[in-house]
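Asks: Got a structure for you, model_6.cif, holding mmCIF, C-alpha atoms and all ligand atoms.
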data_final
#
loop_
_atom_site.label_atom_id
_atom_site.label_comp_id
_atom_site.auth_asym_id
_atom_site.auth_seq_id
_atom_site.Cartn_x
_atom_site.Cartn_y
_atom_site.Cartn_z
CA MET L 1 -18.09 22.52 -4.59
CA LEU L 2 -15.33 22.62 -7.20
CA THR L 3 -13.00 19.67 -7.57
CA THR L 4 -9.65 19.41 -9.33
CA ILE L 5 -8.21 16.05 -10.32
CA ILE L 6 -4.82 15.62 -11.95
CA TYR L 7 -3.73 12.23 -13.22
CA ARG L 8 -1.10 10.86 -15.55
CA SER L 9 -1.33 7.85 -17.86
CA HIS L 10 0.46 6.08 -20.70
CA ILE L 11 -0.99 6.09 -24.23
CA GLY L 12 -2.14 2.63 -25.35
CA LYS L 13 -0.14 0.72 -27.96
CA ASN L 14 -3.12 0.73 -30.34
CA THR L 15 -4.15 4.35 -29.82
CA SER L 16 -3.28 6.42 -32.90
CA GLU L 17 -2.64 10.14 -32.69
CA PRO L 18 -5.51 11.00 -35.09
CA GLU L 19 -7.74 9.05 -32.70
CA VAL L 20 -6.56 11.26 -29.84
CA LYS L 21 -7.42 14.39 -31.84
CA LYS L 22 -10.86 12.96 -32.55
CA PHE L 23 -11.80 12.21 -28.96
CA ILE L 24 -10.56 15.66 -27.92
CA GLU L 25 -13.21 17.25 -30.17
CA LYS L 26 -15.97 15.16 -28.60
CA ALA L 27 -14.59 15.73 -25.09
CA ASN L 28 -14.53 19.48 -25.69
CA LEU L 29 -18.27 19.53 -26.39
CA ARG L 30 -19.08 17.29 -23.46
CA ASN L 31 -16.88 19.20 -21.00
CA ASN L 32 -18.37 22.51 -22.09
CA HIS L 33 -21.82 21.15 -21.49
CA VAL L 34 -21.05 20.19 -17.87
CA GLU L 35 -18.70 23.13 -17.19
CA VAL L 36 -15.61 20.98 -16.74
CA THR L 37 -12.17 22.22 -17.75
CA GLY L 38 -9.96 19.55 -19.27
CA ILE L 39 -6.36 20.45 -19.94
CA LEU L 40 -4.53 17.56 -21.53
CA LEU L 41 -0.75 17.56 -21.92
CA PHE L 42 0.78 14.90 -24.16
CA ASP L 43 4.46 14.25 -24.80
CA GLY L 44 4.06 11.46 -27.35
CA GLU L 45 4.05 8.78 -24.64
CA HIS L 46 2.38 10.09 -21.49
CA PHE L 47 -0.74 12.11 -20.81
CA LEU L 48 -1.13 14.46 -17.87
CA GLN L 49 -4.66 15.73 -17.52
CA LEU L 50 -6.22 18.34 -15.29
CA LEU L 51 -9.96 18.16 -14.76
CA GLU L 52 -11.68 20.96 -12.91
CA GLY L 53 -15.36 21.63 -12.35
CA PRO L 54 -18.39 20.68 -10.26
CA GLU L 55 -17.48 17.72 -8.01
CA GLU L 56 -20.16 15.36 -9.25
CA GLU L 57 -19.38 15.97 -12.93
CA VAL L 58 -15.61 15.67 -12.47
CA ASP L 59 -16.01 12.42 -10.49
CA LYS L 60 -18.33 10.92 -13.11
CA LEU L 61 -16.02 11.88 -15.97
CA TYR L 62 -12.91 10.65 -14.18
CA ARG L 63 -14.51 7.25 -13.59
CA THR L 64 -15.21 7.00 -17.36
CA ILE L 65 -11.68 8.08 -18.23
CA CYS L 66 -10.26 5.44 -15.85
CA GLU L 67 -12.10 2.73 -17.81
CA ASP L 68 -10.92 4.03 -21.22
CA LYS L 69 -8.75 1.41 -22.93
CA ARG L 70 -6.96 4.06 -25.03
CA HIS L 71 -4.56 4.63 -22.16
CA PHE L 72 -3.23 2.62 -19.22
CA SER L 73 -1.23 2.82 -15.98
CA LEU L 74 -3.45 5.67 -14.87
CA THR L 75 -2.20 7.28 -11.65
CA GLU L 76 -4.16 9.91 -9.74
CA LEU L 77 -1.73 12.61 -8.59
CA LEU L 78 -3.96 15.22 -7.01
CA ARG L 79 -7.55 15.52 -5.83
CA ASP L 80 -8.33 18.86 -4.32
CA TYR L 81 -11.24 21.17 -3.56
CA SER L 82 -11.62 24.90 -3.89
CA VAL L 83 -14.19 27.63 -3.91
CA GLU L 84 -12.97 29.25 -7.10
CA ARG L 85 -11.72 27.93 -10.41
CA HIS L 86 -8.03 27.78 -11.25
CA PHE L 87 -8.94 27.79 -14.92
CA GLY L 88 -11.50 30.06 -16.47
CA HIS L 89 -12.41 28.11 -19.57
CA SER L 90 -14.42 24.95 -19.59
CA GLY L 91 -13.98 22.54 -22.49
CA MET L 92 -11.00 20.46 -23.49
CA GLU L 93 -7.67 21.55 -24.83
CA LEU L 94 -4.73 19.46 -25.92
CA PHE L 95 -1.16 20.70 -25.52
CA ASP L 96 1.14 18.51 -27.56
CA LEU L 97 4.48 19.22 -25.89
CA ARG L 98 6.38 18.24 -29.01
CA ASN L 99 5.05 21.35 -30.78
CA TYR L 100 5.97 23.84 -28.09
CA GLU L 101 9.02 25.28 -26.40
CA LYS L 102 8.77 24.39 -22.67
CA ALA L 103 8.33 28.00 -21.61
CA ALA L 104 5.74 28.59 -24.29
CA VAL L 105 3.56 25.69 -23.19
CA LEU L 106 3.63 26.89 -19.59
CA ASP L 107 2.69 30.39 -20.74
CA ALA L 108 -0.11 28.93 -22.84
CA VAL L 109 -1.47 26.91 -19.90
CA LEU L 110 -1.11 29.89 -17.58
CA ALA L 111 -3.00 32.05 -20.03
CA ARG L 112 -6.00 29.78 -19.37
CA ALA L 113 -5.71 30.33 -15.62
CA THR L 114 -8.04 32.74 -13.91
CA SER L 115 -6.41 36.00 -12.92
CA THR L 116 -6.11 35.00 -9.22
CA PHE L 117 -4.18 31.91 -10.14
CA LYS L 118 -1.96 33.79 -12.56
CA LEU L 119 -0.64 35.49 -9.47
CA THR L 120 -0.09 32.28 -7.51
CA TYR L 121 2.35 30.48 -9.71
CA ASP L 122 3.37 28.36 -6.69
CA ASP L 123 -0.05 26.73 -6.71
CA ARG L 124 0.28 22.90 -6.45
CA THR L 125 -1.96 22.35 -9.46
CA LEU L 126 0.32 24.43 -11.65
CA GLN L 127 3.41 22.81 -10.16
CA PHE L 128 2.25 19.39 -11.37
CA ILE L 129 1.86 20.78 -14.87
CA LYS L 130 5.25 22.53 -14.69
CA THR L 131 7.02 19.37 -13.52
CA PHE L 132 5.46 17.32 -16.33
CA VAL L 133 6.36 19.91 -18.96
CA GLU L 134 9.91 20.20 -17.69
CA CYS L 135 10.18 16.42 -17.73
CA GLU L 136 11.73 16.41 -14.28
CA ASN L 137 10.79 13.00 -12.96
CA LYS L 138 9.61 10.70 -15.74
CA ASP L 139 12.30 8.16 -14.86
CA SER L 140 10.60 7.59 -11.52
CA TYR L 141 7.26 6.62 -13.08
CA LEU L 142 6.68 2.99 -12.17
CA GLU L 143 4.22 1.74 -14.74
CA LEU L 144 2.47 -1.60 -15.00
CA ALA L 145 2.60 -3.22 -18.44
CA GLU L 146 -0.42 -2.52 -20.65
CA SER L 147 -1.79 -6.04 -20.88
CA GLU L 148 -0.22 -7.72 -17.87
CA SER L 149 -2.50 -10.34 -16.38
CA TRP L 150 -1.93 -13.02 -13.76
CA GLN L 151 -3.60 -16.13 -12.52
CA PHE L 152 -2.99 -17.51 -9.06
CA GLU L 153 -2.52 -21.23 -8.74
CA PRO L 154 -3.38 -22.70 -5.30
CA ILE L 155 -0.87 -25.20 -4.01
CA GLU L 156 -1.45 -27.07 -0.77
CA VAL L 157 1.31 -26.76 1.79
CA ALA L 158 2.39 -29.77 3.82
CA PRO L 159 1.36 -30.64 6.49
CA THR L 160 -2.30 -30.47 5.57
CA GLN L 161 -3.71 -31.67 8.90
CA GLU L 162 -5.03 -29.39 11.64
CA ALA L 163 -2.79 -28.22 14.48
CA ASN L 164 -3.34 -30.02 17.77
CA ALA L 165 -6.41 -28.44 19.32
CA VAL L 166 -5.76 -26.42 22.45
CA LYS L 167 -8.78 -27.26 24.55
CA ASP L 168 -11.16 -24.79 26.19
CA LEU L 169 -9.57 -21.64 24.84
CA PRO L 170 -11.82 -18.87 23.46
CA TYR L 171 -9.29 -18.20 20.68
CA THR L 172 -7.12 -20.02 18.19
CA PHE L 173 -4.53 -19.15 15.52
CA GLY L 174 -4.13 -19.34 11.76
CA PHE L 175 -0.73 -19.05 10.10
CA GLN L 176 -0.49 -16.68 7.14
CA PRO L 177 2.69 -16.94 5.08
CA ILE L 178 4.94 -14.05 4.11
CA ILE L 179 6.30 -14.92 0.68
CA ASN L 180 8.30 -13.84 -2.32
CA PRO L 181 5.75 -14.57 -5.07
CA SER L 182 8.33 -14.20 -7.87
CA SER L 183 10.80 -16.76 -6.53
CA ARG L 184 8.10 -18.90 -4.83
CA LYS L 185 9.88 -18.66 -1.53
CA VAL L 186 8.16 -18.68 1.87
CA TYR L 187 10.04 -16.37 4.25
CA SER L 188 7.93 -16.81 7.36
CA TYR L 189 4.54 -17.52 8.84
CA GLU L 190 2.67 -14.98 10.92
CA ALA L 191 0.46 -16.33 13.71
CA LYS L 192 -2.88 -14.55 13.39
CA MET L 193 -5.30 -14.79 16.28
CA ARG L 194 -8.90 -15.74 15.62
CA ALA L 195 -11.87 -16.34 17.94
CA ALA L 196 -12.60 -20.05 18.54
CA ASP L 197 -15.28 -19.89 15.79
CA GLY L 198 -12.69 -18.61 13.30
CA GLN L 199 -13.95 -15.01 13.28
CA SER L 200 -12.07 -11.86 14.33
CA PRO L 201 -10.93 -11.95 17.98
CA LEU L 202 -12.03 -8.34 18.60
CA LYS L 203 -15.25 -9.31 20.38
CA PHE L 204 -13.34 -11.63 22.70
CA PHE L 205 -10.79 -8.90 23.52
CA ALA L 206 -13.59 -6.39 24.08
CA SER L 207 -14.98 -8.67 26.80
CA LEU L 208 -11.72 -8.47 28.80
CA ASP L 209 -10.68 -5.73 31.18
CA ARG L 210 -7.52 -3.77 30.42
CA ASP L 211 -4.97 -5.74 32.44
CA GLU L 212 -6.50 -9.06 31.38
CA ILE L 213 -5.91 -8.07 27.74
CA TYR L 214 -2.15 -7.83 28.28
CA HIS L 215 -2.06 -11.09 30.21
CA VAL L 216 -4.04 -12.96 27.52
CA ASP L 217 -1.97 -11.32 24.77
CA LEU L 218 1.20 -12.72 26.33
CA SER L 219 -0.08 -16.18 27.28
CA SER L 220 -1.60 -16.64 23.79
CA LYS L 221 1.95 -16.63 22.37
CA GLN L 222 2.55 -19.94 24.13
CA THR L 223 -0.52 -21.31 22.29
CA ALA L 224 0.70 -19.88 18.96
CA LEU L 225 4.13 -21.48 19.40
CA CYS L 226 2.58 -24.80 20.43
CA MET L 227 0.36 -24.78 17.31
CA ALA L 228 3.32 -23.78 15.11
CA LYS L 229 5.20 -26.78 16.55
CA SER L 230 2.40 -29.19 15.68
CA LEU L 231 2.26 -27.72 12.15
CA GLN L 232 6.00 -28.41 11.87
CA LEU L 233 6.99 -24.80 11.16
CA HIS L 234 10.48 -25.26 12.58
CA HIS L 235 12.15 -24.45 9.27
CA TYR L 236 10.58 -21.02 8.99
CA SER L 237 10.79 -17.81 10.87
CA LEU L 238 7.66 -17.08 12.87
CA VAL L 239 6.04 -13.68 13.32
CA LEU L 240 4.16 -13.13 16.59
CA LYS L 241 2.16 -9.97 17.12
CA LEU L 242 2.41 -8.36 20.57
CA LEU L 243 0.68 -5.32 22.03
CA PRO L 244 3.38 -2.86 23.14
CA MET L 245 1.75 -2.48 26.56
CA THR L 246 2.02 -6.26 27.07
CA LEU L 247 5.76 -5.73 27.46
CA VAL L 248 5.19 -2.92 29.93
CA LYS L 249 2.46 -4.53 32.05
CA ASN L 250 4.03 -8.01 32.34
CA PRO L 251 7.48 -7.55 33.93
CA ASP L 252 8.44 -11.16 33.08
CA ALA L 253 7.19 -11.05 29.49
CA VAL L 254 10.61 -11.55 27.89
CA THR L 255 11.45 -14.56 30.10
CA PHE L 256 7.98 -16.03 29.43
CA LEU L 257 8.47 -15.68 25.67
CA LEU L 258 11.97 -17.16 25.72
CA ASN L 259 10.72 -20.18 27.72
CA ALA L 260 7.77 -20.73 25.35
CA ILE L 261 10.10 -20.51 22.34
CA LYS L 262 12.45 -23.11 23.83
CA GLU L 263 9.72 -25.46 25.07
CA ASN L 264 8.27 -25.69 21.57
CA GLY L 265 11.56 -26.41 19.87
CA PHE L 266 12.19 -23.00 18.29
CA VAL L 267 15.20 -20.70 18.73
CA PRO L 268 14.94 -16.95 19.41
CA GLN L 269 16.70 -16.14 16.12
CA GLN L 270 13.74 -17.45 14.12
CA ILE L 271 11.16 -15.42 16.04
CA VAL L 272 10.01 -11.97 15.00
CA ILE L 273 7.96 -9.97 17.50
CA SER L 274 5.77 -7.54 15.58
CA ILE L 275 4.54 -4.41 17.28
CA SER L 276 1.85 -2.25 15.80
CA GLU L 277 3.04 1.30 15.18
CA ASP L 278 -0.31 2.86 15.98
CA SER L 279 -0.40 1.48 19.51
CA VAL L 280 3.17 2.26 20.56
CA VAL L 281 3.26 4.42 23.65
CA HIS L 282 5.37 7.48 23.06
CA GLU L 283 8.55 7.85 25.08
CA ASN L 284 7.84 4.83 27.25
CA GLU L 285 11.21 3.86 28.65
CA THR L 286 10.06 0.50 30.04
CA PHE L 287 8.77 -0.47 26.60
CA THR L 288 12.06 0.47 24.90
CA ALA L 289 14.06 -1.37 27.58
CA GLU L 290 11.96 -4.56 27.13
CA VAL L 291 12.37 -4.38 23.35
CA MET L 292 16.14 -4.18 23.84
CA LYS L 293 15.96 -7.31 26.05
CA LEU L 294 14.17 -9.17 23.25
CA LYS L 295 16.84 -8.01 20.80
CA ARG L 296 19.67 -9.06 23.10
CA ALA L 297 18.11 -12.52 23.28
CA GLY L 298 18.28 -12.77 19.46
CA ILE L 299 14.60 -12.04 18.68
CA ARG L 300 13.99 -9.73 15.74
CA ILE L 301 11.53 -6.83 15.86
CA ALA L 302 9.02 -5.81 13.20
CA ILE L 303 6.96 -2.64 13.20
CA ASP L 304 3.49 -3.49 11.95
CA ASN L 305 0.96 -1.08 10.39
CA PHE L 306 3.86 1.20 9.53
CA GLY L 307 2.62 4.56 8.30
CA ALA L 308 -0.73 4.36 10.12
CA GLY L 309 0.26 5.96 13.40
CA MET L 310 2.16 8.88 14.71
CA ALA L 311 5.40 7.35 15.90
CA GLY L 312 6.60 5.73 12.68
CA LEU L 313 9.76 7.51 11.64
CA LEU L 314 10.90 8.16 15.21
CA LEU L 315 10.43 4.47 16.01
CA LEU L 316 12.95 3.63 13.31
CA THR L 317 15.57 5.57 15.24
CA ARG L 318 14.49 4.40 18.70
CA ILE L 319 13.83 0.71 18.16
CA GLN L 320 15.80 0.01 14.99
CA PRO L 321 13.57 -2.83 13.81
CA GLU L 322 14.73 -5.57 11.44
CA LEU L 323 11.42 -5.53 9.54
CA VAL L 324 8.72 -3.06 8.66
CA MET L 325 5.22 -4.12 7.63
CA ILE L 326 3.64 -1.27 5.68
CA ASP L 327 0.09 -0.42 6.71
CA SER L 328 -2.38 -2.08 4.33
CA ASP L 329 -4.38 1.15 3.85
CA LEU L 330 -1.25 2.70 2.35
CA LEU L 331 -0.95 -0.24 -0.04
CA GLN L 332 -4.56 -0.53 -1.14
CA ASN L 333 -4.83 0.63 -4.78
CA VAL L 334 -1.23 1.86 -4.70
CA HIS L 335 -0.92 1.18 -8.46
CA LYS L 336 -3.31 4.04 -9.23
CA ASN L 337 -2.69 6.51 -6.43
CA GLY L 338 0.14 9.05 -6.72
CA PRO L 339 0.29 10.15 -3.06
CA LYS L 340 0.44 6.50 -1.88
CA GLN L 341 3.15 5.78 -4.46
CA ALA L 342 5.25 8.69 -3.22
CA ILE L 343 4.90 7.63 0.44
CA ASN L 344 5.66 3.97 -0.30
CA GLN L 345 8.69 4.87 -2.40
CA SER L 346 10.01 6.96 0.49
CA ILE L 347 9.41 4.17 3.04
CA ILE L 348 11.16 1.68 0.74
CA LYS L 349 14.10 4.05 0.30
CA ILE L 350 14.47 4.75 4.03
CA CYS L 351 14.26 1.03 4.84
CA SER L 352 16.81 0.21 2.17
CA SER L 353 19.24 2.78 3.64
CA LEU L 354 18.76 1.19 7.07
CA GLU L 355 18.86 -2.45 5.82
CA ILE L 356 15.32 -2.99 7.12
CA GLN L 357 13.28 -5.57 5.23
CA VAL L 358 9.97 -4.23 3.93
CA ILE L 359 6.88 -6.45 4.00
CA ALA L 360 3.81 -5.43 2.03
CA SER L 361 0.86 -6.92 3.90
CA GLY L 362 -2.87 -6.96 3.20
CA ILE L 363 -2.37 -7.40 -0.55
CA THR L 364 -5.60 -8.31 -2.35
CA GLN L 365 -4.96 -7.25 -5.97
CA ALA L 366 -2.41 -8.47 -8.52
CA GLU L 367 -1.81 -4.84 -9.58
CA GLU L 368 -0.82 -3.83 -6.04
CA TRP L 369 1.72 -6.65 -5.96
CA SER L 370 3.03 -5.79 -9.47
CA TRP L 371 3.52 -2.12 -8.63
CA LEU L 372 5.23 -2.83 -5.30
CA ARG L 373 7.49 -5.38 -6.99
CA LEU L 374 8.55 -2.69 -9.48
CA ALA L 375 9.20 -0.40 -6.50
CA GLY L 376 11.58 -2.99 -5.04
CA VAL L 377 9.50 -4.87 -2.46
CA LYS L 378 10.18 -8.61 -2.27
CA ALA L 379 8.15 -9.84 0.72
CA PHE L 380 4.36 -9.99 0.49
CA GLN L 381 1.45 -11.16 2.57
CA GLY L 382 -2.26 -11.02 1.87
CA ASP L 383 -5.41 -12.82 0.81
CA LEU L 384 -4.30 -12.64 -2.84
CA PHE L 385 -1.65 -15.25 -1.99
CA ALA L 386 -2.97 -17.05 1.11
CA THR L 387 -5.82 -16.46 3.51
CA VAL L 388 -5.85 -17.14 7.24
CA VAL L 389 -7.26 -20.60 7.94
CA PRO L 390 -7.70 -21.25 11.68
CA ARG L 391 -5.57 -24.16 12.93
CA LYS L 392 -4.26 -25.01 9.44
CA LEU L 393 -1.65 -23.94 6.92
CA PRO L 394 -3.43 -22.31 4.00
CA ALA L 395 -2.80 -23.21 0.35
CA ILE L 396 -0.49 -20.66 -1.28
CA HIS L 397 -1.66 -19.13 -4.56
CA TRP L 398 1.45 -18.55 -6.63
CA PRO L 399 1.24 -16.15 -9.59
CA ILE L 400 1.43 -17.42 -13.16
CA LYS L 401 1.47 -15.01 -16.11
CA SER L 402 -1.58 -15.60 -18.30
C1 LIG R 501 -6.33 10.68 -21.93
C2 LIG R 501 -7.81 10.80 -22.09
C3 LIG R 501 -8.47 11.96 -21.68
C4 LIG R 501 -9.85 12.11 -21.83
N1 LIG R 501 -10.48 13.25 -21.41
C5 LIG R 501 -11.82 13.39 -21.58
C6 LIG R 501 -12.50 14.58 -21.15
O1 LIG R 501 -11.90 15.52 -20.62
N2 LIG R 501 -13.83 14.65 -21.37
C7 LIG R 501 -14.55 13.63 -21.95
O2 LIG R 501 -15.76 13.77 -22.14
N3 LIG R 501 -13.93 12.51 -22.36
C8 LIG R 501 -12.60 12.35 -22.19
N4 LIG R 501 -11.98 11.20 -22.60
C9 LIG R 501 -12.79 10.16 -23.22
C10 LIG R 501 -13.53 9.35 -22.18
O3 LIG R 501 -12.66 8.40 -21.62
C11 LIG R 501 -14.76 8.63 -22.78
O4 LIG R 501 -14.39 7.98 -23.93
C12 LIG R 501 -15.86 9.62 -23.03
O5 LIG R 501 -16.10 10.42 -21.92
C13 LIG R 501 -17.23 9.02 -23.33
O6 LIG R 501 -17.16 7.83 -23.81
P1 LIG R 501 -17.74 7.38 -25.19
O7 LIG R 501 -16.53 6.90 -25.92
O8 LIG R 501 -18.67 6.30 -24.72
O9 LIG R 501 -18.44 8.51 -25.85
C14 LIG R 501 -10.59 11.05 -22.44
C15 LIG R 501 -9.94 9.88 -22.82
C16 LIG R 501 -8.56 9.75 -22.66
C17 LIG R 501 -7.87 8.49 -23.11
#
Show me this structure written as structure tokens.
Replies:
Amino acid sequence: MLTTIIYRSHIGKNTSEPEVKKFIEKANLRNNHVEVTGILLFDGEHFLQLLEGPEEEVDKLYRTICEDKRHFSLTELLRDYSVERHFGHSGMELFDLRNYEKAAVLDAVLARATSTFKLTYDDRTLQFIKTFVECENKDSYLELAESESWQFEPIEVAPTQEANAVKDLPYTFGFQPIINPSSRKVYSYEAKMRAADGQSPLKFFASLDRDEIYHVDLSSKQTALCMAKSLQLHHYSLVLKLLPMTLVKNPDAVTFLLNAIKENGFVPQQIVISISEDSVVHENETFTAEVMKLKRAGIRIAIDNFGAGMAGLLLLTRIQPELVMIDSDLLQNVHKNGPKQAINQSIIKICSSLEIQVIASGITQAEEWSWLRLAGVKAFQGDLFATVVPRKLPAIHWPIKS
């Protein structure tokens, strides 16, 4: 199987141009040996490299290149598979764009293409090269600084005691904050359900029959609000996750929620009901009507796992949420993945046009946070900053530049 990888990167501050020429010579020999084509474009600041060849060899080489300290902010743009080569020659060739007219460099690259691909100039692989040569979008590169490094200082949050235990329940809650790490502001706390032993509640839910699930899902919100009250979270907004079908199957769900909110000393305006995009039932009128009731009562709506399901963009028109929580799979390793960067930038742009607040959840790496911050996200949640601790408020790990 043949693999093609295209990535771009930024030349390191201490990498001299003679050094680049030197490693090209070595790379040429190595690539020839393993039948990998390496086409390297360089504009004095950025590299764009195409690697094509047997899957195993390309993967191995790419992993080495990713670790190379002579460049940084490496972003994978394309990973594709084909039965025939786009480029006939293995080895390694450098095209220094400063020495070529734009058209000439494209002709020179195309001259290395196999005859089939000479005919298909619309090929995506070649389009990436063309766009880089024509310098069409370098302003949109969001690059992390070369030597940026952060430490995360844990700070206990008051109150430090446990929430009042709710007796005999097979589940409990932990409260994970949604924060702005740069300004050290806590926006809200999300109630996250856990089994009584602190583990995932999936096993407990699996033991229930369908209708019981929706009943327990709803009644557990009373428990979450009661625990939030005993943890004195009245000065924050509170995010409560709800299964969409809970609103459909329990005709009095909205009244139940409003009563629980009031009984525990909260007001609807500080409550956010988050609904997972991947479980929203398409075209369910009852669901939409119940969501509108929540909105009329002053409760805000968040779409969780945004980007993971099918309904996403349509939901933005139908439900008009106040918040969107981007799916954590779309955020994982976003700092080095071109397709994820493009999708996240589009989500951020759409949400900005609609005045929807974007929350990046499931963040585990400082680089993910740094990239998303550059892209304009302010609200973050994830184990990097605070884990879920059943019945307690977790310490928040605020970033400090090291
Ligand atoms: C932008 C860039 C492109 C590179 N391309 C290749 C390549 O196509 N083939 C290769 O063998 N090494 C390439 N290298 C060098 C590798 O990262 C690595 O140094 C080399 O494979 C082996 O490491 P060595 O320094 O231990 O010999 C590249 C390095 C950089 C910075």
Asks: CA of Glu156 in chain L to CA of Ser328 in chain L: how many Å, to one decimal?
Replies: 25.5 Å
Asks: Measure the distance from CA of Asp252 in chain L to CA of Leu208 in chain L in Å and round it to one decimal.
Replies: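 We find that CA of Asp252 in chain L and CA of Leu208 in chain L lie 20.8 Å from each other.
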Asks: Any residue with an atom at most 9 Å from ligand LIG 501 (chain R) counts, using all atoms listed in the file. Which are they? Put them as a compact mmCIF listing (two decimals) with C-alpha atoms, in the coordinates of the input.
Replies:
# COMPACT_ATOMS: atom_id res chain seq x y z
CA ARG L 8 -1.10 10.86 -15.55
CA SER L 9 -1.33 7.85 -17.86
CA HIS L 10 0.46 6.08 -20.70
CA ILE L 11 -0.99 6.09 -24.23
CA GLY L 12 -2.14 2.63 -25.35
CA THR L 15 -4.15 4.35 -29.82
CA VAL L 20 -6.56 11.26 -29.84
CA PHE L 23 -11.80 12.21 -28.96
CA ILE L 24 -10.56 15.66 -27.92
CA LYS L 26 -15.97 15.16 -28.60
CA ALA L 27 -14.59 15.73 -25.09
CA ASN L 28 -14.53 19.48 -25.69
CA LEU L 29 -18.27 19.53 -26.39
CA ARG L 30 -19.08 17.29 -23.46
CA ASN L 31 -16.88 19.20 -21.00
CA VAL L 36 -15.61 20.98 -16.74
CA THR L 37 -12.17 22.22 -17.75
CA GLY L 38 -9.96 19.55 -19.27
CA ILE L 39 -6.36 20.45 -19.94
CA LEU L 40 -4.53 17.56 -21.53
CA LEU L 41 -0.75 17.56 -21.92
CA PHE L 42 0.78 14.90 -24.16
CA HIS L 46 2.38 10.09 -21.49
CA PHE L 47 -0.74 12.11 -20.81
CA LEU L 48 -1.13 14.46 -17.87
CA GLN L 49 -4.66 15.73 -17.52
CA LEU L 50 -6.22 18.34 -15.29
CA LEU L 51 -9.96 18.16 -14.76
CA VAL L 58 -15.61 15.67 -12.47
CA LEU L 61 -16.02 11.88 -15.97
CA TYR L 62 -12.91 10.65 -14.18
CA ARG L 63 -14.51 7.25 -13.59
CA THR L 64 -15.21 7.00 -17.36
CA ILE L 65 -11.68 8.08 -18.23
CA CYS L 66 -10.26 5.44 -15.85
CA GLU L 67 -12.10 2.73 -17.81
CA ASP L 68 -10.92 4.03 -21.22
CA LYS L 69 -8.75 1.41 -22.93
CA ARG L 70 -6.96 4.06 -25.03
CA HIS L 71 -4.56 4.63 -22.16
CA PHE L 72 -3.23 2.62 -19.22
CA GLY L 91 -13.98 22.54 -22.49
CA MET L 92 -11.00 20.46 -23.49
CA GLU L 93 -7.67 21.55 -24.83
Asks: Compute the distance from (14.7, -0.6, 6.9) to each atom, counting only C-alpha atoms, keep the residues with any atom at most 9 Å away, and return them as a list in words; use the coordinates of the file.
Replies: Leu316, Gln320, Pro321, Glu322, Leu323, Val324, Ile347, Ile348, Lys349, Ile350, Cys351, Ser352, Ser353, Leu354, Glu355, Ile356, Gln357 and Val358 of chain L
Asks: Would you mind telling me which residue in L:Asn337, L:Ser230, L:Ser370, L:Thr364 lies nearest to Glu162 in chain L when using all atoms listed in the file?
Replies: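 Residue with the minimum atom-to-atom distance to Glu162 in chain L: L:Ser230.
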Asks: Taking into account all atoms listed in the file, which residue in the set L:Thr387, L:Asn32, L:Ser183, L:Gln161 is nearest to Gly53 in chain L?
Replies: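 Comparing L:Thr387, L:Asn32, L:Ser183, L:Gln161 against Gly53 in chain L, the winner is L:Asn32.
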Asks: Rank nothing, just name the residue among L:Thr125, L:Ser237, L:Ser115, L:Thr4 nearest to Pro177 in chain L, using all atoms listed in the file.
Replies: L:Ser237
Asks: When you look at Gln365 in chain L with a cut-off of 12 Å (counting all atoms listed in the file), what residues show up, excluding the ones that are within fewer than 6 positions of it in the same chain? I need them as a list of chain:residue names.
Replies: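 Skipping anything fewer than 6 positions along the chain leaves L:Ser149, L:Trp150, L:Gln151, L:Phe152, L:Ser328, L:Leu331, L:Gln332, L:Asn333, L:Val334, L:His335, L:Lys336, L:Trp371, L:Leu372, L:Phe380, L:Gln381, L:Gly382, L:Asp383, L:Leu384, L:Phe385, L:Pro399.
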Asks: Which value, in Å to one decimal, gives the distance between CA of Pro339 in chain L and CA of Glu190 in chain L?
Replies: 28.9 Å
Asks: Name the residues in contact with Pro170 in chain L at a cut-off of 8 Å, using only C-alpha atoms, excluding same-chain residues fewer than 4 positions from it; report them as a tab-separated table (two decimals) with C-alpha atoms, in the frame of the given file.
Replies:
chain	number	residue	atom	x	y	z
L	195	ALA	CA	-11.87	-16.34	17.94
L	196	ALA	CA	-12.60	-20.05	18.54
L	204	PHE	CA	-13.34	-11.63	22.70
Asks: Using only C-alpha atoms, which residue out of L:Arg112, L:Lys192, L:Lys203, L:Arg210 lies closest to Ser274 in chain L?
Replies: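 The answer is L:Lys192, which sits nearest to Ser274 in chain L.
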Asks: Could you name the residues that touch Val109 in chain L at 12 Å or less, counting all atoms listed in the file, but leaving out those on the same chain fewer than 4 positions away, as a PyMOL selection string?
Replies: chain L and resi 37-41+49-50+86-89+93-97+100+102-105+113-114+117-118+121+125-130+133
Asks: Which residues are near Val239 in chain L? Cut-off 10 Å, only C-alpha atoms, ignore same chain within fewer than 6 positions. Put them as a list in words.
Replies: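 Here the qualifying residues turn out to be Phe175, Gln176, Pro177, Ile178, Ser188, Tyr189, Glu190, Ala191, Lys192, Ala224, Gln270, Ile271, Val272, Ile273, Ser274, Arg300, Ile301 and Ala302 of chain L.
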Asks: Do a neighbour search on Val291 in chain L at 9 Å with only C-alpha atoms, toss out local chain neighbours closer than 6 positions, and write the hits as a ChimeraX atom specification.
Replies: /L:247,254,301,319
Asks: For Ile5 in chain L, which residue among L:Ala297, L:Pro54, L:Ile363, L:Lys21 is the nearest when counting only C-alpha atoms?
Replies: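 Selected residue with least distance to Ile5 in chain L: L:Pro54.
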Asks: With all atoms listed in the file as the basis for distance, which of L:Ala342, L:Met325, L:Ala158, L:Leu374 is at the shortest distance from Thr75 in chain L?
Replies: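 Among the listed residues, L:Ala342 lies closest to Thr75 in chain L.
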